[in-house]
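**Student:** My structure is stored as start_18.txt, with compact mmCIF, C-alpha atoms and all ligand atoms.
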# COMPACT_ATOMS: atom_id res chain seq x y z
CA MET A 164 0.00 0.00 0.00
CA PRO A 165 1.46 3.38 -0.93
CA SER A 166 2.14 5.75 1.95
CA PRO A 167 -0.40 8.49 2.68
CA PHE A 168 2.62 10.81 2.68
CA SER A 169 3.37 9.99 -0.96
CA LEU A 170 2.19 12.76 -3.28
CA ASP A 171 1.00 10.03 -5.64
CA ASN A 172 -1.61 8.93 -3.13
CA PRO A 173 -4.12 11.77 -2.66
CA ALA A 174 -6.94 9.44 -1.55
CA GLY A 175 -4.72 7.82 1.11
CA TYR A 176 -3.62 11.27 2.24
CA ARG A 177 -7.21 12.51 2.60
CA ALA A 178 -8.15 9.49 4.74
CA TRP A 179 -5.03 9.89 6.91
CA ARG A 180 -5.66 13.64 7.22
CA ALA A 181 -9.23 13.12 8.42
CA ARG A 182 -8.05 10.66 11.09
CA LYS A 183 -5.22 12.95 12.13
CA LEU A 184 -7.40 16.01 12.65
CA ALA A 185 -10.32 14.20 14.31
CA ASP A 186 -10.28 15.27 17.97
CA TYR A 187 -6.71 16.54 17.77
CA PRO A 188 -6.06 18.17 21.18
CA ARG A 189 -5.84 21.96 21.25
CA SER A 190 -3.95 22.03 24.50
CA ILE A 191 -0.92 20.17 25.75
CA GLU A 192 -2.84 19.59 28.98
CA ALA A 193 -4.69 16.81 27.15
CA LEU A 194 -1.32 15.10 26.77
CA ARG A 195 -0.48 15.15 30.48
CA VAL A 196 0.12 11.71 31.99
CA PRO A 197 0.80 11.48 35.74
CA ILE A 198 3.36 8.76 36.49
CA ARG A 199 3.92 7.72 40.05
CA ARG A 200 7.35 6.13 39.63
CA LEU A 201 9.21 7.31 36.56
CA ALA A 202 11.55 4.30 36.47
CA GLU A 203 8.70 1.81 36.77
CA PRO A 204 5.56 3.06 35.07
CA ASN A 205 2.65 0.70 35.44
CA ARG A 206 0.65 -0.73 32.56
CA THR A 207 -2.08 1.89 32.70
CA GLU A 208 0.47 4.71 32.69
CA VAL A 209 2.37 3.19 29.73
CA ALA A 210 -0.90 2.74 27.81
CA ALA A 211 -1.81 6.40 28.47
CA LEU A 212 1.59 7.53 27.16
CA LEU A 213 1.36 5.38 24.04
CA GLU A 214 -2.13 6.61 23.28
CA ARG A 215 -1.00 10.25 23.34
CA LEU A 216 2.13 9.50 21.32
CA ALA A 217 0.05 7.68 18.71
CA LYS A 218 -2.20 10.71 18.28
CA CYS A 219 0.19 13.66 18.66
CA ASN A 220 3.70 12.17 18.61
CA MET A 221 4.26 13.54 22.10
CA ALA A 222 3.19 13.25 25.72
CA LEU A 223 3.66 15.42 28.79
CA VAL A 224 4.82 13.33 31.73
CA ASP A 225 4.27 14.51 35.27
CA CYS A 226 5.86 12.57 38.12
CA GLY A 227 5.52 15.46 40.55
CA ASP A 228 8.96 14.92 42.04
CA PRO A 229 12.17 16.45 40.62
CA ALA A 230 14.26 13.97 42.66
CA GLN A 231 12.98 11.24 40.31
CA ILE A 232 14.53 12.98 37.30
CA ARG A 233 17.69 10.88 37.14
CA PRO A 234 19.52 9.35 34.15
CA ASP A 235 18.80 5.76 35.19
CA ALA A 236 15.08 6.49 35.68
CA LEU A 237 14.81 8.10 32.24
CA LEU A 238 16.55 5.16 30.56
CA GLN A 239 14.29 2.70 32.39
CA LEU A 240 11.22 4.62 31.27
CA GLY A 241 12.57 4.59 27.71
CA LYS A 242 12.97 0.82 27.82
CA ARG A 243 9.34 0.41 28.90
CA LEU A 244 8.41 2.33 25.75
CA GLY A 245 10.60 0.14 23.54
CA LEU A 246 13.48 2.63 23.28
CA ARG A 247 16.86 0.89 23.40
CA HIS A 248 19.23 2.65 21.02
CA THR A 249 20.36 6.10 22.05
CA ASP A 250 21.95 8.60 19.70
CA HIS A 251 25.08 8.52 21.83
CA HIS A 252 25.72 4.80 21.98
CA LEU A 253 24.15 1.74 20.46
CA CYS A 254 23.13 0.68 23.95
CA ALA A 255 21.60 3.19 26.32
CA ASP A 256 23.77 3.95 29.31
CA ALA A 257 24.06 6.87 31.71
CA HIS A 258 26.43 8.70 29.32
CA ALA A 259 23.63 8.93 26.79
CA VAL A 260 21.73 11.31 29.06
CA SER A 261 22.70 14.97 28.62
CA THR A 262 22.32 17.58 31.31
CA ILE A 263 21.12 20.82 29.74
CA ARG A 264 21.98 23.85 31.84
CA VAL A 265 23.92 27.07 31.43
CA GLU A 266 27.60 26.22 31.17
CA ALA A 267 29.90 29.10 32.02
CA ALA A 268 33.02 27.48 30.58
CA GLY A 269 34.18 24.57 28.47
CA ARG A 270 33.13 23.39 25.04
CA ALA A 271 29.41 23.18 25.79
CA SER A 272 29.30 26.86 26.76
CA ALA A 273 29.75 27.77 23.08
CA LEU A 274 26.54 25.90 22.11
CA ILE A 275 23.20 27.73 22.37
CA PRO A 276 21.36 24.93 24.25
CA TYR A 277 23.87 25.41 27.07
CA THR A 278 23.26 29.15 27.33
CA ASN A 279 20.16 31.08 28.44
CA ARG A 280 19.53 32.34 24.90
CA PRO A 281 16.45 31.42 22.84
CA LEU A 282 16.64 28.29 20.69
CA ASN A 283 14.98 28.52 17.30
CA TRP A 284 12.64 25.90 15.82
CA HIS A 285 14.25 22.54 15.03
CA THR A 286 13.98 18.81 15.26
CA ASP A 287 16.75 17.12 17.25
CA GLY A 288 19.75 15.65 15.47
CA TYR A 289 19.21 17.43 12.14
CA TYR A 290 22.99 17.22 11.66
CA ASN A 291 22.97 13.41 11.93
CA PRO A 292 23.35 11.38 8.73
CA PRO A 293 20.08 9.79 7.56
CA GLU A 294 21.11 6.35 8.85
CA ARG A 295 21.46 7.83 12.36
CA ALA A 296 18.27 9.85 12.33
CA VAL A 297 17.01 10.84 15.77
CA CYS A 298 13.48 9.47 15.90
CA ALA A 299 12.53 10.13 19.53
CA TRP A 300 13.68 12.12 22.54
CA MET A 301 12.81 12.77 26.15
CA LEU A 302 13.38 16.06 27.95
CA PHE A 303 12.76 16.26 31.69
CA CYS A 304 12.97 19.17 34.09
CA ARG A 305 14.79 19.00 37.37
CA GLN A 306 14.68 22.73 37.92
CA ASP A 307 13.00 25.52 35.96
CA ALA A 308 14.08 29.13 35.46
CA ALA A 309 12.49 31.88 37.53
CA ARG A 310 11.54 33.60 34.28
CA GLY A 311 11.43 32.27 30.71
CA GLY A 312 12.57 28.92 29.33
CA GLU A 313 9.20 28.07 27.76
CA ASN A 314 8.93 25.61 24.90
CA ALA A 315 6.72 25.65 21.84
CA LEU A 316 6.09 22.24 20.28
CA LEU A 317 4.54 21.13 17.00
CA ASP A 318 3.83 17.64 15.72
CA PRO A 319 5.75 17.24 12.40
CA GLU A 320 2.72 15.44 10.93
CA ILE A 321 0.71 18.63 11.45
CA ALA A 322 3.50 20.66 9.79
CA TYR A 323 3.42 18.25 6.82
CA LEU A 324 -0.38 18.44 6.66
CA ARG A 325 -0.48 22.25 6.69
CA LEU A 326 2.09 22.53 3.92
CA ARG A 327 0.49 19.84 1.78
CA ASP A 328 -2.93 21.48 2.16
CA GLN A 329 -1.41 24.77 1.10
CA ASP A 330 0.37 23.34 -1.95
CA PRO A 331 1.74 19.81 -2.53
CA GLU A 332 4.65 21.43 -4.39
CA LEU A 333 5.91 22.69 -1.02
CA ILE A 334 6.20 19.08 0.14
CA GLN A 335 7.76 18.03 -3.15
CA ALA A 336 10.54 20.57 -2.63
CA LEU A 337 11.35 19.17 0.81
CA LEU A 338 11.58 15.51 -0.24
CA HIS A 339 14.76 15.84 -2.28
CA PRO A 340 17.78 14.10 -0.66
CA GLN A 341 19.88 17.27 -1.08
CA THR A 342 17.33 19.70 0.41
CA LEU A 343 19.12 20.44 3.67
CA GLY A 344 22.84 20.10 4.30
CA VAL A 345 24.80 20.65 7.48
CA PRO A 346 28.53 21.25 7.11
CA GLY A 347 30.84 18.89 9.00
CA ASN A 348 33.14 20.05 11.73
CA ALA A 349 36.89 19.73 12.01
CA GLU A 350 36.84 18.19 15.48
CA ALA A 351 39.09 15.24 16.11
CA GLY A 352 37.85 12.02 17.66
CA PRO A 353 34.28 10.92 18.32
CA ASP A 354 32.81 14.41 17.90
CA ARG A 355 34.01 14.68 14.32
CA ARG A 356 31.11 15.06 11.89
CA GLU A 357 31.02 14.78 8.13
CA THR A 358 28.88 17.09 6.03
CA THR A 359 25.42 15.55 5.79
CA PHE A 360 22.63 16.12 3.33
CA GLY A 361 19.10 14.85 3.50
CA PRO A 362 15.46 15.63 2.89
CA VAL A 363 13.29 17.54 5.36
CA PHE A 364 10.46 15.01 5.14
CA ALA A 365 10.95 11.26 4.66
CA TRP A 366 9.21 8.04 5.69
CA PRO A 367 11.94 5.40 5.28
CA GLN A 368 10.22 3.04 7.70
CA GLY A 369 6.64 4.08 7.11
CA ALA A 370 6.34 6.77 9.80
CA LEU A 371 6.95 10.39 8.84
CA GLU A 372 10.35 11.74 9.88
CA MET A 373 11.26 15.42 9.78
CA ARG A 374 14.73 16.96 9.74
CA TYR A 375 14.70 20.71 10.15
CA THR A 376 16.42 23.72 11.64
CA ALA A 377 15.41 27.36 11.38
CA ARG A 378 18.97 28.45 12.06
CA ALA A 379 20.39 30.71 9.39
CA ARG A 380 24.08 29.89 9.77
CA HIS A 381 25.98 26.63 9.24
CA VAL A 382 23.28 25.14 7.04
CA ILE A 383 23.19 24.59 3.28
CA TRP A 384 19.69 24.82 1.84
CA HIS A 385 19.23 23.66 -1.73
CA SER A 386 19.10 26.80 -3.79
CA SER A 387 15.81 26.82 -5.69
CA PRO A 388 12.63 28.93 -5.66
CA ALA A 389 10.64 25.84 -4.59
CA VAL A 390 12.78 25.21 -1.49
CA ALA A 391 12.76 28.92 -0.63
CA ALA A 392 8.93 28.89 -0.84
CA ALA A 393 8.72 25.81 1.37
CA ARG A 394 11.05 27.36 3.97
CA GLU A 395 8.94 30.52 3.99
CA ALA A 396 5.79 28.45 4.44
CA LEU A 397 7.32 26.77 7.50
CA THR A 398 8.40 30.13 8.95
CA ARG A 399 4.85 31.44 8.46
CA LEU A 400 3.44 28.34 10.12
CA PHE A 401 5.64 28.86 13.20
CA SER A 402 4.85 32.54 13.52
CA GLY A 403 1.14 32.38 12.62
CA ASN A 404 -1.95 31.36 14.56
CA GLU A 405 -1.45 27.62 14.25
CA ASP A 406 -3.90 26.05 16.70
CA PHE A 407 -1.80 22.98 17.31
CA ILE A 408 1.42 24.66 18.40
CA TYR A 409 1.59 23.94 22.12
CA ARG A 410 3.25 26.46 24.41
CA HIS A 411 4.35 25.18 27.77
CA LYS A 412 6.92 25.71 30.48
CA LEU A 413 8.27 22.52 32.01
CA ARG A 414 8.03 22.52 35.79
CA PRO A 415 10.27 20.44 38.04
CA GLY A 416 9.14 16.82 37.80
CA GLU A 417 7.62 17.25 34.32
CA GLY A 418 8.98 16.09 30.98
CA TYR A 419 8.19 15.58 27.32
CA ILE A 420 8.45 12.28 25.48
CA SER A 421 8.24 12.70 21.74
CA ASN A 422 8.76 11.18 18.33
CA ASN A 423 11.16 14.04 17.58
CA VAL A 424 8.58 16.81 17.34
CA LEU A 425 9.48 20.33 16.22
CA HIS A 426 10.29 22.60 19.15
CA ASN A 427 11.90 25.82 20.25
CA ARG A 428 12.81 27.42 23.58
CA SER A 429 12.50 30.99 24.75
CA GLY A 430 15.40 32.73 26.48
CA PHE A 431 15.41 32.64 30.24
CA GLN A 432 16.74 34.42 33.26
CA ALA A 433 20.14 33.12 34.25
CA THR A 434 20.96 32.68 37.90
CA ASP A 435 24.06 33.50 39.84
CA PRO A 436 26.61 30.72 39.07
CA SER A 437 26.64 29.74 42.75
CA VAL A 438 22.94 28.82 42.63
CA PRO A 439 21.65 25.86 40.58
CA GLY A 440 19.66 27.21 37.64
CA ARG A 441 17.38 25.71 34.99
CA THR A 442 18.40 22.06 34.65
CA LEU A 443 16.93 19.56 32.21
CA LEU A 444 17.91 16.00 31.32
CA ARG A 445 17.67 14.84 27.72
CA VAL A 446 17.99 11.49 25.92
CA ARG A 447 17.79 11.01 22.16
CA TYR A 448 16.96 7.72 20.48
CA LEU A 449 17.41 6.23 17.03
CA GLU A 450 14.02 4.50 17.09
CA ARG A 451 10.55 5.96 17.49
CA ILE A 452 7.85 5.02 19.96
CA ASP A 453 5.22 3.04 18.17
CA GLY A 454 3.50 1.20 20.95
FE FE B 501 16.05 20.25 20.73
Hey, can you dump this file as structure tokens for me?
Ligand SMILES: [Fe+2]
**Tutor:**
Amino acid sequence: MPSPFSLDNPAGYRAWRARKLADYPRSIEALRVPIRRLAEPNRTEVAALLERLAKCNMALVDCGDPAQIRPDALLQLGKRLGLRHTDHHLCADAHAVSTIRVEAAGRASALIPYTNRPLNWHTDGYYNPPERAVCAWMLFCRQDAARGGENALLDPEIAYLRLRDQDPELIQALLHPQTLGVPGNAEAGPDRRETTFGPVFAWPQGALEMRYTARARHVIWHSSPAVAAAREALTRLFSGNEDFIYRHKLRPGEGYISNNVLHNRSGFQATDPSVPGRTLLRVRYLERIDG
């Protein structure tokens, strides 16, 4: 059966579109799932998570206790959802969990996620080669900022749907394997990265995958009027009145689990270096959560 995402399958797309939009939640609160013990979610809790992920590609977890936000607990939760291969290693271990906080010094301090500056719209791992595509991630909050640090989130399937409804040519432009390139770096050792090219939208294993960054520097967009139009359409989508963009500030004990949804982060108030500031834990996976 041809994919509903294929432009050659308008009837399949229409049926998928109707299912997708039927009762699509307008608020992220509908995606909230209380979990008593993060490391050992019970069957009902797992089913509630999978149901939300199946509909919206994301869920908002609430364990109510920042002390539970630990690397081992996150990895255990991931395993219960079928997530075993992290972006960092082929097997998930504690090193695969990143701590996202303001870093005053060192290599991380040069990267925007580790500052208090806003982060523009992106999917995670857009610089990975297609065979190491990030398909899911978790982001949990141990401590929030006094002011700022909100996220906006958008299901990539909704982004695809809006663009296709506007003009299928916009999708066509984003399917080409050379659409978006990210230059490699000159680092030595395991952090070395080759230049990678890939499409923005693809469905190599059936499910829609999106690879995107709104950043203007260190990216190579295919130079064509069609790609420029598609990029503008995405920018308009992010800045317009899209009903299904969720805006939320993670509180301590809360976290997102997602099939690599689009997201951004607002800037936030930094604290004195002697006081612990906004602290999140993140894990990225090479497989998606399908239930
Ligand atoms: Fe991200």
**Student:** Return as CSV the residues of chain A lying at most 7 Å from ligand FE 501 (chain B), together with the closest atom-to-atom pair for each and the distance in Å to one decimal, counting only C-alpha atoms and all ligand atoms, with rows in chain order and ascending residue number.
**Tutor:**
residue,atom,partner,partner_atom,distance
A:His285,CA,B:FE501,FE,6.4
A:Thr286,CA,B:FE501,FE,6.0
A:Asp287,CA,B:FE501,FE,4.7
A:His426,CA,B:FE501,FE,6.4
A:Asn427,CA,B:FE501,FE,7.0
**Student:** Could you tell me how far atom CA of Arg428 of chain A lies from atom CA of Asp318 of chain A, in Å and to one decimal?
**Tutor:**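 Atom CA of Asp318 of chain A lies at a distance of 15.4 Å from atom CA of Arg428 of chain A.
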**Student:** Please compute the atom CA of Phe303 of chain A-atom CA of Asn220 of chain A distance, one decimal, in Å.
**Tutor:** 16.4 Å
**Student:** In Å, with one decimal, what is the gap from atom CA of Thr442 of chain A to atom CA of Val265 of chain A?
**Tutor:**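 Atom CA of Thr442 of chain A sits 8.1 Å away from atom CA of Val265 of chain A.
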**Student:** Taking all atoms listed in the file into account, which of A:Arg182, A:Lys412, A:Lys242, A:Arg199 comes nearest Cys226 of chain A?
**Tutor:**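 Of A:Arg182, A:Lys412, A:Lys242, A:Arg199, the one nearest Cys226 of chain A, counting all atoms listed in the file, is A:Arg199.
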**Student:** Would you mind telling me which residue in A:Trp366, A:Phe407, A:Tyr187, A:Tyr448 lies nearest to Pro165 of chain A when using only C-alpha atoms?
**Tutor:** A:Trp366
**Student:** Find the spatial neighbours of Ala393 of chain A, counting all atoms listed in the file, within a cut-off of 8 Å - ignore same-chain residues fewer than 2 positions away - and output them as a PDB file with C-alpha atoms, keeping the file's coordinate frame.
**Tutor:**
ATOM      1  CA  LEU A 326       2.090  22.530   3.920  1.00  0.00           C
ATOM      2  CA  LEU A 333       5.910  22.690  -1.020  1.00  0.00           C
ATOM      3  CA  ILE A 334       6.200  19.080   0.140  1.00  0.00           C
ATOM      4  CA  ALA A 336      10.540  20.570  -2.630  1.00  0.00           C
ATOM      5  CA  LEU A 337      11.350  19.170   0.810  1.00  0.00           C
ATOM      6  CA  ALA A 389      10.640  25.840  -4.590  1.00  0.00           C
ATOM      7  CA  VAL A 390      12.780  25.210  -1.490  1.00  0.00           C
ATOM      8  CA  ALA A 391      12.760  28.920  -0.630  1.00  0.00           C
ATOM      9  CA  GLU A 395       8.940  30.520   3.990  1.00  0.00           C
ATOM     10  CA  ALA A 396       5.790  28.450   4.440  1.00  0.00           C
ATOM     11  CA  LEU A 397       7.320  26.770   7.500  1.00  0.00           C
TER      12      LEU A 397
END
**Student:** Enclose segment 217-235 of chain A, meaning all of its atoms listed in the file, in a box aligned along x, y and z, pad it by 3 Å on each side, and list the centre and edge lengths in Å to one decimal, as AutoDock Vina command-line options.
**Tutor:**
--center_x 8.7 --center_y 11.1 --center_z 30.5 --size_x 27.7 --size_y 16.7 --size_z 30.4
**Student:** Just want the 10 Å neighbourhood of Glu294 of chain A, counted on all atoms listed in the file, with same-chain residues fewer than 2 positions away dropped. Output as a list in words.
**Tutor:**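 Contacts, with the query itself left out: Asn291, Pro292, Ala296, Val297, Pro367 and Leu449 of chain A.
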**Student:** Could you turn the residues from that selection into a file that holds C-alpha atoms, as a CSV table (one decimal), in the coordinates of the input?
**Tutor:**
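Result written to part.csv:
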chain,number,residue,atom,x,y,z
A,291,ASN,CA,23.0,13.4,11.9
A,292,PRO,CA,23.4,11.4,8.7
A,296,ALA,CA,18.3,9.8,12.3
A,297,VAL,CA,17.0,10.8,15.8
A,367,PRO,CA,11.9,5.4,5.3
A,449,LEU,CA,17.4,6.2,17.0
**Student:** List as a PyMOL selection string the protein and nucleic acid residues near segment 306-316 of chain A, meaning an atom at most 8 Å away when all atoms listed in the file are counted, but skip any in the same chain fewer than 5 places from it.
**Tutor:** chain A and resi 229+279+281+408-415+424-433+440-443
**Student:** Would you mind telling me which residue in A:Gly403, A:Gly288, A:Glu203, A:Ala370 lies nearest to Arg325 of chain A when using all atoms listed in the file?
**Tutor:**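 Closest candidate: A:Gly403.
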**Student:** If I put a ball of radius 7 Å at (11.7, 17.5, 29.0) in the file's coordinates, which residues poke into it when counting all atoms listed in the file, written as an MDAnalysis selection string?
**Tutor:** chainID A and resid 301:304 413 417:419 443:445
**Student:** Near Arg195 of chain A, counting only C-alpha atoms, which residues have an atom at most 9 Å away, once you skip same-chain residues fewer than 3 positions from it, shown as an MDAnalysis selection string?
**Tutor:** chainID A and resid 191:192 212 215 222:225
